[in-house]
Structures are given as C-alpha cells and as structure tokens.
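To be precise, the following lines are data37.pdb, and they hold PDB, C-alpha atoms.
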ATOM      1  CA  MET A   1     -19.415  -5.112  -0.831  1.00  0.00           C
ATOM      2  CA  LEU A   2     -16.049  -3.532  -1.540  1.00  0.00           C
ATOM      3  CA  LEU A   3     -13.823  -4.172  -4.539  1.00  0.00           C
ATOM      4  CA  ALA A   4     -10.103  -3.446  -4.014  1.00  0.00           C
ATOM      5  CA  LEU A   5      -7.717  -2.871  -6.925  1.00  0.00           C
ATOM      6  CA  ASP A   6      -3.918  -2.610  -6.827  1.00  0.00           C
ATOM      7  CA  THR A   7      -1.661  -2.447  -9.891  1.00  0.00           C
ATOM      8  CA  SER A   8       1.016  -0.250  -8.318  1.00  0.00           C
ATOM      9  CA  THR A   9       4.025  -2.286  -9.501  1.00  0.00           C
ATOM     10  CA  ASP A  10       4.742  -5.439 -11.514  1.00  0.00           C
ATOM     11  CA  TRP A  11       2.685  -7.206  -8.843  1.00  0.00           C
ATOM     12  CA  ALA A  12      -1.084  -6.795  -8.977  1.00  0.00           C
ATOM     13  CA  SER A  13      -3.885  -7.772  -6.617  1.00  0.00           C
ATOM     14  CA  VAL A  14      -7.689  -7.723  -6.545  1.00  0.00           C
ATOM     15  CA  ALA A  15     -10.024  -8.574  -3.668  1.00  0.00           C
ATOM     16  CA  LEU A  16     -13.681  -8.598  -2.660  1.00  0.00           C
ATOM     17  CA  TYR A  17     -14.503  -7.730   0.950  1.00  0.00           C
ATOM     18  CA  ASP A  18     -17.797  -7.544   2.840  1.00  0.00           C
ATOM     19  CA  GLY A  19     -16.650  -5.556   5.873  1.00  0.00           C
ATOM     20  CA  ARG A  20     -15.872  -8.662   7.903  1.00  0.00           C
ATOM     21  CA  GLU A  21     -13.891 -11.012   5.693  1.00  0.00           C
ATOM     22  CA  VAL A  22     -12.175 -11.305   2.346  1.00  0.00           C
ATOM     23  CA  LEU A  23     -14.580 -13.156   0.045  1.00  0.00           C
ATOM     24  CA  ALA A  24     -12.151 -13.682  -2.828  1.00  0.00           C
ATOM     25  CA  GLU A  25      -8.648 -12.511  -3.671  1.00  0.00           C
ATOM     26  CA  ALA A  26      -6.019 -12.885  -6.387  1.00  0.00           C
ATOM     27  CA  THR A  27      -2.420 -11.672  -6.323  1.00  0.00           C
ATOM     28  CA  TRP A  28      -0.133 -12.267  -9.286  1.00  0.00           C
ATOM     29  CA  HIS A  29       3.028 -11.145 -11.083  1.00  0.00           C
ATOM     30  CA  ALA A  30       1.459  -9.075 -13.836  1.00  0.00           C
ATOM     31  CA  GLN A  31       4.698  -7.476 -15.064  1.00  0.00           C
ATOM     32  CA  ARG A  32       3.368  -5.116 -17.779  1.00  0.00           C
ATOM     33  CA  ARG A  33       0.118  -6.963 -18.454  1.00  0.00           C
ATOM     34  CA  HIS A  34      -2.095  -5.082 -15.977  1.00  0.00           C
ATOM     35  CA  ALA A  35      -4.408  -3.677 -18.637  1.00  0.00           C
ATOM     36  CA  ASP A  36      -4.982  -7.105 -20.198  1.00  0.00           C
ATOM     37  CA  GLU A  37      -5.411  -9.074 -16.973  1.00  0.00           C
ATOM     38  CA  LEU A  38      -7.183  -6.737 -14.522  1.00  0.00           C
ATOM     39  CA  PHE A  39     -10.788  -7.003 -15.735  1.00  0.00           C
ATOM     40  CA  PRO A  40     -10.679 -10.769 -16.441  1.00  0.00           C
ATOM     41  CA  THR A  41      -9.411 -11.219 -12.886  1.00  0.00           C
ATOM     42  CA  ILE A  42     -12.226  -9.083 -11.487  1.00  0.00           C
ATOM     43  CA  GLU A  43     -14.777 -11.153 -13.426  1.00  0.00           C
ATOM     44  CA  ARG A  44     -13.236 -14.391 -12.175  1.00  0.00           C
ATOM     45  CA  LEU A  45     -13.331 -13.251  -8.554  1.00  0.00           C
ATOM     46  CA  LEU A  46     -16.943 -12.128  -8.840  1.00  0.00           C
ATOM     47  CA  GLY A  47     -17.785 -15.594 -10.103  1.00  0.00           C
ATOM     48  CA  THR A  48     -15.807 -17.241  -7.316  1.00  0.00           C
ATOM     49  CA  ALA A  49     -17.707 -15.173  -4.739  1.00  0.00           C
ATOM     50  CA  HIS A  50     -21.036 -15.912  -6.489  1.00  0.00           C
ATOM     51  CA  THR A  51     -21.829 -12.233  -6.880  1.00  0.00           C
ATOM     52  CA  THR A  52     -21.956  -9.525  -9.565  1.00  0.00           C
ATOM     53  CA  ILE A  53     -20.509  -6.077 -10.069  1.00  0.00           C
ATOM     54  CA  SER A  54     -23.940  -4.614  -9.252  1.00  0.00           C
ATOM     55  CA  GLU A  55     -23.392  -5.698  -5.639  1.00  0.00           C
ATOM     56  CA  VAL A  56     -20.255  -3.540  -5.333  1.00  0.00           C
ATOM     57  CA  ASP A  57     -21.064  -0.329  -3.446  1.00  0.00           C
ATOM     58  CA  ARG A  58     -17.507   0.561  -2.383  1.00  0.00           C
ATOM     59  CA  VAL A  59     -14.233   0.643  -4.295  1.00  0.00           C
ATOM     60  CA  ALA A  60     -10.721   1.028  -2.874  1.00  0.00           C
ATOM     61  CA  VAL A  61      -7.660   1.617  -5.039  1.00  0.00           C
ATOM     62  CA  ALA A  62      -3.948   1.709  -4.238  1.00  0.00           C
ATOM     63  CA  THR A  63      -2.616   5.152  -5.131  1.00  0.00           C
ATOM     64  CA  GLY A  64       1.134   4.619  -4.898  1.00  0.00           C
ATOM     65  CA  PRO A  65       3.864   5.460  -4.963  1.00  0.00           C
ATOM     66  CA  GLY A  66       4.642   3.039  -7.742  1.00  0.00           C
ATOM     67  CA  SER A  67       4.725   2.622 -11.500  1.00  0.00           C
ATOM     68  CA  PHE A  68       3.252   5.574 -13.415  1.00  0.00           C
ATOM     69  CA  THR A  69       1.385   3.351 -15.865  1.00  0.00           C
ATOM     70  CA  GLY A  70       0.395   0.747 -13.284  1.00  0.00           C
ATOM     71  CA  LEU A  71      -1.118   3.303 -10.930  1.00  0.00           C
ATOM     72  CA  ARG A  72      -3.083   4.931 -13.736  1.00  0.00           C
ATOM     73  CA  ILE A  73      -4.589   1.610 -14.830  1.00  0.00           C
ATOM     74  CA  ALA A  74      -6.039   0.749 -11.403  1.00  0.00           C
ATOM     75  CA  ILE A  75      -7.203   4.302 -10.689  1.00  0.00           C
ATOM     76  CA  ALA A  76      -8.948   4.622 -14.057  1.00  0.00           C
ATOM     77  CA  ALA A  77     -10.591   1.216 -13.546  1.00  0.00           C
ATOM     78  CA  ALA A  78     -11.683   2.121 -10.008  1.00  0.00           C
ATOM     79  CA  GLN A  79     -13.157   5.418 -11.159  1.00  0.00           C
ATOM     80  CA  GLY A  80     -15.026   3.737 -14.000  1.00  0.00           C
ATOM     81  CA  ILE A  81     -16.442   0.981 -11.803  1.00  0.00           C
ATOM     82  CA  ALA A  82     -17.412   3.425  -9.046  1.00  0.00           C
ATOM     83  CA  ARG A  83     -19.111   5.724 -11.542  1.00  0.00           C
ATOM     84  CA  GLY A  84     -21.008   2.912 -13.220  1.00  0.00           C
ATOM     85  CA  ALA A  85     -22.109   1.284  -9.965  1.00  0.00           C
ATOM     86  CA  GLY A  86     -22.689   4.505  -8.028  1.00  0.00           C
ATOM     87  CA  ALA A  87     -20.166   3.193  -5.502  1.00  0.00           C
ATOM     88  CA  ALA A  88     -18.162   5.136  -2.921  1.00  0.00           C
ATOM     89  CA  LEU A  89     -14.475   5.428  -3.844  1.00  0.00           C
ATOM     90  CA  VAL A  90     -11.362   5.765  -1.676  1.00  0.00           C
ATOM     91  CA  GLY A  91      -7.626   5.780  -2.345  1.00  0.00           C
ATOM     92  CA  VAL A  92      -5.034   4.223  -0.014  1.00  0.00           C
ATOM     93  CA  SER A  93      -1.261   4.555  -0.256  1.00  0.00           C
ATOM     94  CA  THR A  94       0.493   1.436  -1.494  1.00  0.00           C
ATOM     95  CA  LEU A  95       3.093   1.797   1.271  1.00  0.00           C
ATOM     96  CA  ASP A  96       0.289   1.850   3.865  1.00  0.00           C
ATOM     97  CA  VAL A  97      -0.982  -1.430   2.401  1.00  0.00           C
ATOM     98  CA  LEU A  98       2.457  -3.005   2.790  1.00  0.00           C
ATOM     99  CA  ALA A  99       3.011  -1.764   6.340  1.00  0.00           C
ATOM    100  CA  TYR A 100      -0.401  -2.442   7.885  1.00  0.00           C
ATOM    101  CA  PRO A 101      -0.114  -6.241   8.362  1.00  0.00           C
ATOM    102  CA  HIS A 102       2.906  -5.658  10.618  1.00  0.00           C
ATOM    103  CA  ALA A 103       1.257  -3.120  12.929  1.00  0.00           C
ATOM    104  CA  SER A 104       0.538  -5.668  15.646  1.00  0.00           C
ATOM    105  CA  SER A 105       4.243  -6.446  15.953  1.00  0.00           C
ATOM    106  CA  LYS A 106       4.834  -2.834  17.093  1.00  0.00           C
ATOM    107  CA  ARG A 107       8.184  -3.042  15.294  1.00  0.00           C
ATOM    108  CA  ARG A 108       9.653  -0.140  13.385  1.00  0.00           C
ATOM    109  CA  THR A 109       8.704  -1.053   9.817  1.00  0.00           C
ATOM    110  CA  CYS A 110       9.962   0.175   6.455  1.00  0.00           C
ATOM    111  CA  PRO A 111       8.077  -0.927   3.321  1.00  0.00           C
ATOM    112  CA  LEU A 112      10.068  -0.714   0.102  1.00  0.00           C
ATOM    113  CA  LEU A 113       8.936  -0.503  -3.521  1.00  0.00           C
ATOM    114  CA  PRO A 114      11.154  -0.279  -6.620  1.00  0.00           C
ATOM    115  CA  ALA A 115      11.359   3.183  -8.145  1.00  0.00           C
ATOM    116  CA  GLY A 116      13.727   2.373 -11.035  1.00  0.00           C
ATOM    117  CA  ARG A 117      17.393   3.229 -11.523  1.00  0.00           C
ATOM    118  CA  ASP A 118      18.365   1.424  -8.303  1.00  0.00           C
ATOM    119  CA  LEU A 119      16.058   3.689  -6.276  1.00  0.00           C
ATOM    120  CA  HIS A 120      13.291   2.671  -3.856  1.00  0.00           C
ATOM    121  CA  TYR A 121      10.167   4.308  -2.484  1.00  0.00           C
ATOM    122  CA  ALA A 122      10.035   4.083   1.303  1.00  0.00           C
ATOM    123  CA  ALA A 123       8.463   5.333   4.523  1.00  0.00           C
ATOM    124  CA  ILE A 124       8.784   4.512   8.205  1.00  0.00           C
ATOM    125  CA  TYR A 125       5.912   3.235  10.365  1.00  0.00           C
ATOM    126  CA  GLN A 126       6.355   3.147  14.116  1.00  0.00           C
ATOM    127  CA  GLU A 127       4.449   3.200  17.378  1.00  0.00           C
ATOM    128  CA  ARG A 128       4.523   6.396  19.414  1.00  0.00           C
ATOM    129  CA  ASN A 129       2.234   7.275  22.308  1.00  0.00           C
ATOM    130  CA  ARG A 130       0.542   3.894  21.853  1.00  0.00           C
ATOM    131  CA  ARG A 131      -0.367   4.660  18.231  1.00  0.00           C
ATOM    132  CA  TRP A 132       1.248   2.885  15.291  1.00  0.00           C
ATOM    133  CA  ALA A 133       1.282   5.042  12.164  1.00  0.00           C
ATOM    134  CA  ARG A 134       3.418   6.448   9.383  1.00  0.00           C
ATOM    135  CA  ARG A 135       6.151   8.627  10.884  1.00  0.00           C
ATOM    136  CA  SER A 136       7.911   9.959   7.779  1.00  0.00           C
ATOM    137  CA  PRO A 137       7.057  11.498   4.448  1.00  0.00           C
ATOM    138  CA  PHE A 138       6.961   9.236   1.416  1.00  0.00           C
ATOM    139  CA  LEU A 139      10.527   9.332   0.119  1.00  0.00           C
ATOM    140  CA  VAL A 140      12.589   8.005  -2.743  1.00  0.00           C
ATOM    141  CA  GLY A 141      16.311   7.239  -2.737  1.00  0.00           C
ATOM    142  CA  SER A 142      19.014   4.614  -2.982  1.00  0.00           C
ATOM    143  CA  LEU A 143      19.343   1.902  -0.346  1.00  0.00           C
ATOM    144  CA  ASP A 144      22.569   3.550   0.791  1.00  0.00           C
ATOM    145  CA  GLU A 145      20.751   6.856   1.352  1.00  0.00           C
ATOM    146  CA  LEU A 146      17.930   5.023   3.066  1.00  0.00           C
ATOM    147  CA  CYS A 147      20.264   3.258   5.480  1.00  0.00           C
ATOM    148  CA  ARG A 148      21.983   6.514   6.424  1.00  0.00           C
ATOM    149  CA  SER A 149      18.582   7.734   7.650  1.00  0.00           C
ATOM    150  CA  ILE A 150      17.859   4.667   9.776  1.00  0.00           C
ATOM    151  CA  GLY A 151      19.269   4.621  13.283  1.00  0.00           C
ATOM    152  CA  ASP A 152      17.421   1.721  14.857  1.00  0.00           C
ATOM    153  CA  HIS A 153      16.416  -1.883  14.265  1.00  0.00           C
ATOM    154  CA  THR A 154      13.954  -1.929  11.382  1.00  0.00           C
ATOM    155  CA  LEU A 155      11.728  -4.559   9.791  1.00  0.00           C
ATOM    156  CA  PHE A 156      11.838  -4.358   5.999  1.00  0.00           C
ATOM    157  CA  VAL A 157       8.832  -5.493   3.963  1.00  0.00           C
ATOM    158  CA  GLY A 158       7.694  -5.113   0.393  1.00  0.00           C
ATOM    159  CA  GLU A 159       9.414  -5.868  -2.889  1.00  0.00           C
ATOM    160  CA  ILE A 160      12.908  -6.766  -1.732  1.00  0.00           C
ATOM    161  CA  ASP A 161      14.906  -8.958  -4.087  1.00  0.00           C
ATOM    162  CA  GLY A 162      17.973 -10.937  -3.099  1.00  0.00           C
ATOM    163  CA  ALA A 163      20.410  -8.185  -4.079  1.00  0.00           C
ATOM    164  CA  ALA A 164      18.514  -5.563  -2.052  1.00  0.00           C
ATOM    165  CA  GLU A 165      18.426  -7.843   0.990  1.00  0.00           C
ATOM    166  CA  VAL A 166      22.188  -8.383   0.773  1.00  0.00           C
ATOM    167  CA  THR A 167      22.771  -4.622   0.429  1.00  0.00           C
ATOM    168  CA  LEU A 168      20.587  -3.791   3.436  1.00  0.00           C
ATOM    169  CA  THR A 169      22.268  -6.452   5.550  1.00  0.00           C
ATOM    170  CA  THR A 170      25.709  -5.228   4.535  1.00  0.00           C
ATOM    171  CA  LEU A 171      24.857  -1.619   5.353  1.00  0.00           C
ATOM    172  CA  LEU A 172      22.863  -2.165   8.559  1.00  0.00           C
ATOM    173  CA  GLY A 173      24.106  -5.479   9.899  1.00  0.00           C
ATOM    174  CA  ALA A 174      21.999  -6.765  12.796  1.00  0.00           C
ATOM    175  CA  LYS A 175      19.712  -3.710  12.595  1.00  0.00           C
ATOM    176  CA  ALA A 176      18.153  -5.036   9.383  1.00  0.00           C
ATOM    177  CA  HIS A 177      15.296  -7.485   9.857  1.00  0.00           C
ATOM    178  CA  PHE A 178      13.224  -9.011   7.081  1.00  0.00           C
ATOM    179  CA  ALA A 179       9.707 -10.379   6.982  1.00  0.00           C
ATOM    180  CA  PRO A 180       9.505 -13.808   5.312  1.00  0.00           C
ATOM    181  CA  PRO A 181       8.620 -13.681   1.588  1.00  0.00           C
ATOM    182  CA  SER A 182       4.988 -14.652   2.171  1.00  0.00           C
ATOM    183  CA  ALA A 183       4.583 -11.774   4.653  1.00  0.00           C
ATOM    184  CA  ARG A 184       6.147  -9.236   2.289  1.00  0.00           C
ATOM    185  CA  LEU A 185       3.537  -9.803  -0.403  1.00  0.00           C
ATOM    186  CA  ARG A 186       1.175  -6.897  -1.075  1.00  0.00           C
ATOM    187  CA  ARG A 187      -2.412  -8.110  -0.874  1.00  0.00           C
ATOM    188  CA  ALA A 188      -5.593  -6.403  -2.004  1.00  0.00           C
ATOM    189  CA  GLY A 189      -7.326  -7.946   1.016  1.00  0.00           C
ATOM    190  CA  THR A 190      -5.299  -5.572   3.172  1.00  0.00           C
ATOM    191  CA  LEU A 191      -6.149  -2.666   0.866  1.00  0.00           C
ATOM    192  CA  ALA A 192      -9.821  -3.621   1.149  1.00  0.00           C
ATOM    193  CA  GLU A 193      -9.762  -3.552   4.939  1.00  0.00           C
ATOM    194  CA  LEU A 194      -8.037  -0.167   5.041  1.00  0.00           C
ATOM    195  CA  GLY A 195     -10.359   1.254   2.399  1.00  0.00           C
ATOM    196  CA  TRP A 196     -13.457   0.032   4.225  1.00  0.00           C
ATOM    197  CA  ARG A 197     -12.299   1.606   7.491  1.00  0.00           C
ATOM    198  CA  GLU A 198     -11.501   4.872   5.758  1.00  0.00           C
ATOM    199  CA  LEU A 199     -14.946   5.044   4.147  1.00  0.00           C
ATOM    200  CA  GLU A 200     -16.543   4.328   7.537  1.00  0.00           C
ATOM    201  CA  ARG A 201     -14.771   7.385   8.975  1.00  0.00           C
ATOM    202  CA  THR A 202     -14.910   9.933   6.185  1.00  0.00           C
ATOM    203  CA  ASP A 203     -17.067  11.074   3.310  1.00  0.00           C
ATOM    204  CA  GLN A 204     -16.147   9.586  -0.032  1.00  0.00           C
ATOM    205  CA  VAL A 205     -13.940  11.703  -2.277  1.00  0.00           C
ATOM    206  CA  LYS A 206     -15.107  12.890  -5.662  1.00  0.00           C
ATOM    207  CA  LEU A 207     -14.179  10.488  -8.438  1.00  0.00           C
ATOM    208  CA  GLY A 208     -11.822  12.952 -10.089  1.00  0.00           C
ATOM    209  CA  GLU A 209      -9.952  13.663  -6.858  1.00  0.00           C
ATOM    210  CA  ILE A 210      -8.233  10.266  -6.691  1.00  0.00           C
ATOM    211  CA  GLU A 211      -4.695  10.921  -7.920  1.00  0.00           C
ATOM    212  CA  PRO A 212      -1.525   8.813  -7.909  1.00  0.00           C
ATOM    213  CA  ILE A 213       1.139   9.607  -5.317  1.00  0.00           C
ATOM    214  CA  TYR A 214       4.248  10.659  -7.201  1.00  0.00           C
ATOM    215  CA  VAL A 215       7.189  11.004  -4.816  1.00  0.00           C
ATOM    216  CA  ARG A 216       9.795  13.584  -5.688  1.00  0.00           C
ATOM    217  CA  GLN A 217      11.340  14.228  -2.273  1.00  0.00           C
ATOM    218  CA  PRO A 218      14.747  12.483  -2.141  1.00  0.00           C
ATOM    219  CA  LEU A 219      16.053  11.065   1.097  1.00  0.00           C
ATOM    220  CA  GLY A 220      18.705  13.753   1.280  1.00  0.00           C
ATOM    221  CA  GLN A 221      15.974  16.362   1.862  1.00  0.00           C
ATOM    222  CA  GLY A 222      14.197  14.551   4.666  1.00  0.00           C
ATOM    223  CA  SER A 223      15.077  12.123   7.399  1.00  0.00           C
ATOM    224  CA  PHE A 224      13.091   9.321   8.925  1.00  0.00           C
ATOM    225  CA  ASP A 225      14.202  10.566  12.311  1.00  0.00           C
ATOM    226  CA  GLN A 226      13.202  14.196  11.867  1.00  0.00           C
ATOM    227  CA  PRO A 227       9.849  15.401  13.295  1.00  0.00           C
ATOM    228  CA  PHE A 228       7.067  14.808  10.819  1.00  0.00           C
ATOM    229  CA  ALA A 229       3.478  15.981  11.101  1.00  0.00           C
ATOM    230  CA  PRO A 230       1.301  13.978   8.668  1.00  0.00           C
ATOM    231  CA  PRO A 231      -1.977  15.331   7.302  1.00  0.00           C
ATOM    232  CA  PRO A 232      -4.840  14.896   9.780  1.00  0.00           C
ATOM    233  CA  ARG A 233      -6.216  11.728   8.144  1.00  0.00           C
ATOM    234  CA  ASP A 234      -2.836   9.951   7.856  1.00  0.00           C
ATOM    235  CA  ASP A 235      -2.643   8.864  11.488  1.00  0.00           C
ATOM    236  CA  ALA A 236      -6.048   7.311  11.104  1.00  0.00           C
ATOM    237  CA  ALA A 237      -5.322   5.873   7.667  1.00  0.00           C
ATOM    238  CA  LEU A 238      -4.266   2.538   9.099  1.00  0.00           C
ATOM    239  CA  GLY A 239      -7.422   2.285  11.157  1.00  0.00           C
ATOM    240  CA  LEU A 240      -5.616   1.572  14.419  1.00  0.00           C
ATOM    241  CA  PRO A 241      -7.232   2.851  17.616  1.00  0.00           C
ATOM    242  CA  ARG A 242      -5.087   4.263  20.357  1.00  0.00           C
ATOM    243  CA  ARG A 243      -4.126   1.575  22.838  1.00  0.00           C
ATOM    244  CA  SER A 244      -5.276   2.168  26.427  1.00  0.00           C
TER     245      SER A 244
END
Give the structure from this file in structure tokens form.
Amino acid sequence: MLLALDTSTDWASVALYDGREVLAEATWHAQRRHADELFPTIERLLGTAHTTISEVDRVAVATGPGSFTGLRIAIAAAQGIARGAGAALVGVSTLDVLAYPHASSKRRTCPLLPAGRDLHYAAIYQERNRRWARRSPFLVGSLDELCRSIGDHTLFVGEIDGAAEVTLTTLLGAKAHFAPPSARLRRAGTLAELGWRELERTDQVKLGEIEPIYVRQPLGQGSFDQPFAPPPRDDAALGLPRRS
C-alpha cells in the first residue's frame, strides 16, 4: 500500500492507494498548520481504511515547487515513515500532480501555484507526437510575464484566486480557459497514482536524495515556446504511454 503526502502550499492532502484505487483521502486548507495536522490526518485515514502504518510499503511525496516550510514538512515526514517502515520512497513534482488529471483532454495545460510577492510557479504540459508531458522548465514569474510567453489557447489549473483569473482573462482574452474549481484542486490521490507508476518503472531513490524543487529561473530567461529537453524520466513521470 502506498501513502501519499502533499503539503506544498496552504492546501494539504493525504491519500492511501493500493495500486488500483484510492482507499482513503483527505484534502484541506491547512494554511500554516501542516505540522500540527499532518500526522493526525494520516492516523485518521489509516483508521478509515481499516489498516495500519505497518502495511505501507511505498511512500510518495510532493516535492514542489511550493512553500519552503510546507515542502520540508511533507518530505521529512515521508522520509521518516519510509525509514521506519522500510518502504520505497519517491518524489513527484507538485506541478505534475496538478497537470496530470487533465492529460486526457489533450489540451495545453498550465498549472499555477503561488510563489509570493504576486509571483506564480508554472509549467506547460502539452501533447506532442502522441505523448502528453511537461514541455517547459519549472518557472516562476508574474502573470504578466507568464502571459507574454503563452501564444496559444491554454487551460489553467491549480491555485487560481478570483483576482488571478481576472488578470489572466484580461491579458489573454479568449485564449485563457479555466478548469472548474473542483477540477483545480490538488489531490494526493493523483500524487499516489503517479508515485506508484514511477516506483513500478524505476528503482527507489535513497531517502536522503529526496529534495524540494526550488525554482529560481524567471520567465524572462526561458519561454514556454522554446525547445525544451526534459531529463530522461520527466517524459515518463506522468505515466502516460505513447498513443498508437
């Protein structure tokens, strides 16, 4: 059984997954209470699923980008649980978790996460050669900078408040599309599915090798429309086979 942990932003999520279905899941607005609420939530979900932590043999954790403190809380918890249970551990980008539910739409998708000071973390996911995957680096910038890098109709998902939605619509007009609020929510069930698939394909990483993704590349130094060659495992990170 896999335990998935995500405290990347003010929103947090925990899930239990058996490789076929989500057994239990909780997603809540933790604000700055991650450290106080994470382990009680894990215990509650284990009880809901009628299981114990000893049954967990895989752990997946969201690695960002996101809040410095939030990311550290989930990663430290994941490392501790994996070490204590002898479980395999894998990290998955928080932006991958946001984008993955929209892969079947084949639409150009841009997940957004707040980065503070009116900045957002972002990346572009798009189908090319019948494969839907991340097609840009992880970037950080203002919505104005982001929109200058987008030249096509794009579906925005993630943590988009009313002001951000108005700004994107003003800047992009009809090119800006938005998933409904329920479909923007970041769920640990999605993280669990991606983490399970990644562990099926690759050897587990060493516990100390899971590190948060801290994005320092501003949008002005990279474009969503410039060629981008991701690391070898990135194309497979979403677990999507090439369509015939």
(request) Pull out every residue that the PyMOL selection byres ((chain A and resi 19-35) around 7) matches in the shown coordinates and put them as a ChimeraX atom specification. (result) /A:7,10-18,36-38,45,48-49,70,73,187,189,196
(message) Quick check, in Å to one decimal: how far apart do CA of Ala76 (chain A) and CA of Asp118 (chain A) lie?
(response)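 Computing the Euclidean distance for CA of Ala76 (chain A) and CA of Asp118 (chain A) yields 28.1 Å.
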(message) What's around region 151-168 of chain A at 6 Å? Count all atoms listed in the file, leave out sequence neighbours fewer than 5 positions away in its own chain, and write the answer as a list in words.
(response)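 Within the cut-off, the hits are Arg108, Thr109, Cys110, Pro111, Leu112, Leu113, Lys175, Ala176, His177, Phe178, Ala179 and Arg184 of chain A.
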(message) Suppose a student applies the PyMOL selection byres ((chain A and resi 80-86) around 10) to this structure; what residues should they get, written as a VMD selection string?
(response) chain A and resid 3 53 to 60 74 to 79 87 to 90 207
Using the partial input, fill out region 94-118 of chain A with N, CA and C atoms; write the result as a PDB file, keeping the file's coordinate frame.
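Okay, out-v8.pdb is ready:
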ATOM      1  N   THR A  94      -0.056   2.782  -1.339  1.00  0.00           N
ATOM      2  CA  THR A  94       0.493   1.436  -1.494  1.00  0.00           C
ATOM      3  C   THR A  94       1.438   1.092  -0.351  1.00  0.00           C
ATOM      4  N   LEU A  95       2.195   2.061   0.147  1.00  0.00           N
ATOM      5  CA  LEU A  95       3.093   1.797   1.271  1.00  0.00           C
ATOM      6  C   LEU A  95       2.309   1.511   2.547  1.00  0.00           C
ATOM      7  N   ASP A  96       1.161   2.166   2.725  1.00  0.00           N
ATOM      8  CA  ASP A  96       0.289   1.850   3.865  1.00  0.00           C
ATOM      9  C   ASP A  96      -0.172   0.395   3.796  1.00  0.00           C
ATOM     10  N   VAL A  97      -0.511  -0.051   2.583  1.00  0.00           N
ATOM     11  CA  VAL A  97      -0.982  -1.430   2.401  1.00  0.00           C
ATOM     12  C   VAL A  97       0.109  -2.422   2.798  1.00  0.00           C
ATOM     13  N   LEU A  98       1.344  -2.128   2.442  1.00  0.00           N
ATOM     14  CA  LEU A  98       2.457  -3.005   2.790  1.00  0.00           C
ATOM     15  C   LEU A  98       2.736  -3.020   4.288  1.00  0.00           C
ATOM     16  N   ALA A  99       2.621  -1.875   4.930  1.00  0.00           N
ATOM     17  CA  ALA A  99       3.011  -1.764   6.340  1.00  0.00           C
ATOM     18  C   ALA A  99       1.955  -2.315   7.292  1.00  0.00           C
ATOM     19  N   TYR A 100       0.681  -2.154   6.953  1.00  0.00           N
ATOM     20  CA  TYR A 100      -0.401  -2.442   7.885  1.00  0.00           C
ATOM     21  C   TYR A 100      -0.379  -3.847   8.496  1.00  0.00           C
ATOM     22  N   PRO A 101      -0.102  -4.904   7.749  1.00  0.00           N
ATOM     23  CA  PRO A 101      -0.114  -6.241   8.362  1.00  0.00           C
ATOM     24  C   PRO A 101       0.890  -6.422   9.495  1.00  0.00           C
ATOM     25  N   HIS A 102       1.862  -5.522   9.604  1.00  0.00           N
ATOM     26  CA  HIS A 102       2.906  -5.658  10.618  1.00  0.00           C
ATOM     27  C   HIS A 102       2.687  -4.735  11.815  1.00  0.00           C
ATOM     28  N   ALA A 103       1.530  -4.065  11.846  1.00  0.00           N
ATOM     29  CA  ALA A 103       1.257  -3.120  12.929  1.00  0.00           C
ATOM     30  C   ALA A 103       1.230  -3.801  14.286  1.00  0.00           C
ATOM     31  N   SER A 104       0.675  -5.001  14.342  1.00  0.00           N
ATOM     32  CA  SER A 104       0.538  -5.668  15.646  1.00  0.00           C
ATOM     33  C   SER A 104       1.875  -6.051  16.250  1.00  0.00           C
ATOM     34  N   SER A 105       2.913  -6.120  15.431  1.00  0.00           N
ATOM     35  CA  SER A 105       4.243  -6.446  15.953  1.00  0.00           C
ATOM     36  C   SER A 105       4.846  -5.278  16.729  1.00  0.00           C
ATOM     37  N   LYS A 106       4.341  -4.069  16.476  1.00  0.00           N
ATOM     38  CA  LYS A 106       4.834  -2.834  17.093  1.00  0.00           C
ATOM     39  C   LYS A 106       6.290  -2.543  16.722  1.00  0.00           C
ATOM     40  N   ARG A 107       6.795  -3.237  15.707  1.00  0.00           N
ATOM     41  CA  ARG A 107       8.184  -3.042  15.294  1.00  0.00           C
ATOM     42  C   ARG A 107       8.278  -1.882  14.310  1.00  0.00           C
ATOM     43  N   ARG A 108       9.366  -1.186  14.371  1.00  0.00           N
ATOM     44  CA  ARG A 108       9.653  -0.140  13.385  1.00  0.00           C
ATOM     45  C   ARG A 108       9.712  -0.809  12.012  1.00  0.00           C
ATOM     46  N   THR A 109       8.879  -0.354  11.086  1.00  0.00           N
ATOM     47  CA  THR A 109       8.704  -1.053   9.817  1.00  0.00           C
ATOM     48  C   THR A 109       8.942  -0.117   8.648  1.00  0.00           C
ATOM     49  N   CYS A 110       9.670  -0.614   7.658  1.00  0.00           N
ATOM     50  CA  CYS A 110       9.962   0.175   6.455  1.00  0.00           C
ATOM     51  C   CYS A 110       9.564  -0.622   5.213  1.00  0.00           C
ATOM     52  N   PRO A 111       8.428  -0.291   4.594  1.00  0.00           N
ATOM     53  CA  PRO A 111       8.077  -0.927   3.321  1.00  0.00           C
ATOM     54  C   PRO A 111       8.891  -0.314   2.182  1.00  0.00           C
ATOM     55  N   LEU A 112       9.279  -1.152   1.246  1.00  0.00           N
ATOM     56  CA  LEU A 112      10.068  -0.714   0.102  1.00  0.00           C
ATOM     57  C   LEU A 112       9.383  -1.111  -1.194  1.00  0.00           C
ATOM     58  N   LEU A 113       9.425  -0.218  -2.177  1.00  0.00           N
ATOM     59  CA  LEU A 113       8.936  -0.503  -3.521  1.00  0.00           C
ATOM     60  C   LEU A 113       9.964  -0.005  -4.528  1.00  0.00           C
ATOM     61  N   PRO A 114      10.184  -0.724  -5.620  1.00  0.00           N
ATOM     62  CA  PRO A 114      11.154  -0.279  -6.620  1.00  0.00           C
ATOM     63  C   PRO A 114      10.704   1.000  -7.300  1.00  0.00           C
ATOM     64  N   ALA A 115      11.654   1.918  -7.480  1.00  0.00           N
ATOM     65  CA  ALA A 115      11.359   3.183  -8.145  1.00  0.00           C
ATOM     66  C   ALA A 115      12.163   3.354  -9.425  1.00  0.00           C
ATOM     67  N   GLY A 116      12.911   2.294  -9.830  1.00  0.00           N
ATOM     68  CA  GLY A 116      13.727   2.373 -11.035  1.00  0.00           C
ATOM     69  C   GLY A 116      15.079   2.990 -10.771  1.00  0.00           C
ATOM     70  N   ARG A 117      16.046   2.663 -11.614  1.00  0.00           N
ATOM     71  CA  ARG A 117      17.393   3.229 -11.523  1.00  0.00           C
ATOM     72  C   ARG A 117      18.019   2.991 -10.153  1.00  0.00           C
ATOM     73  N   ASP A 118      17.809   1.815  -9.607  1.00  0.00           N
ATOM     74  CA  ASP A 118      18.365   1.424  -8.303  1.00  0.00           C
ATOM     75  C   ASP A 118      17.840   2.283  -7.155  1.00  0.00           C
TER      76      ASP A 118
END
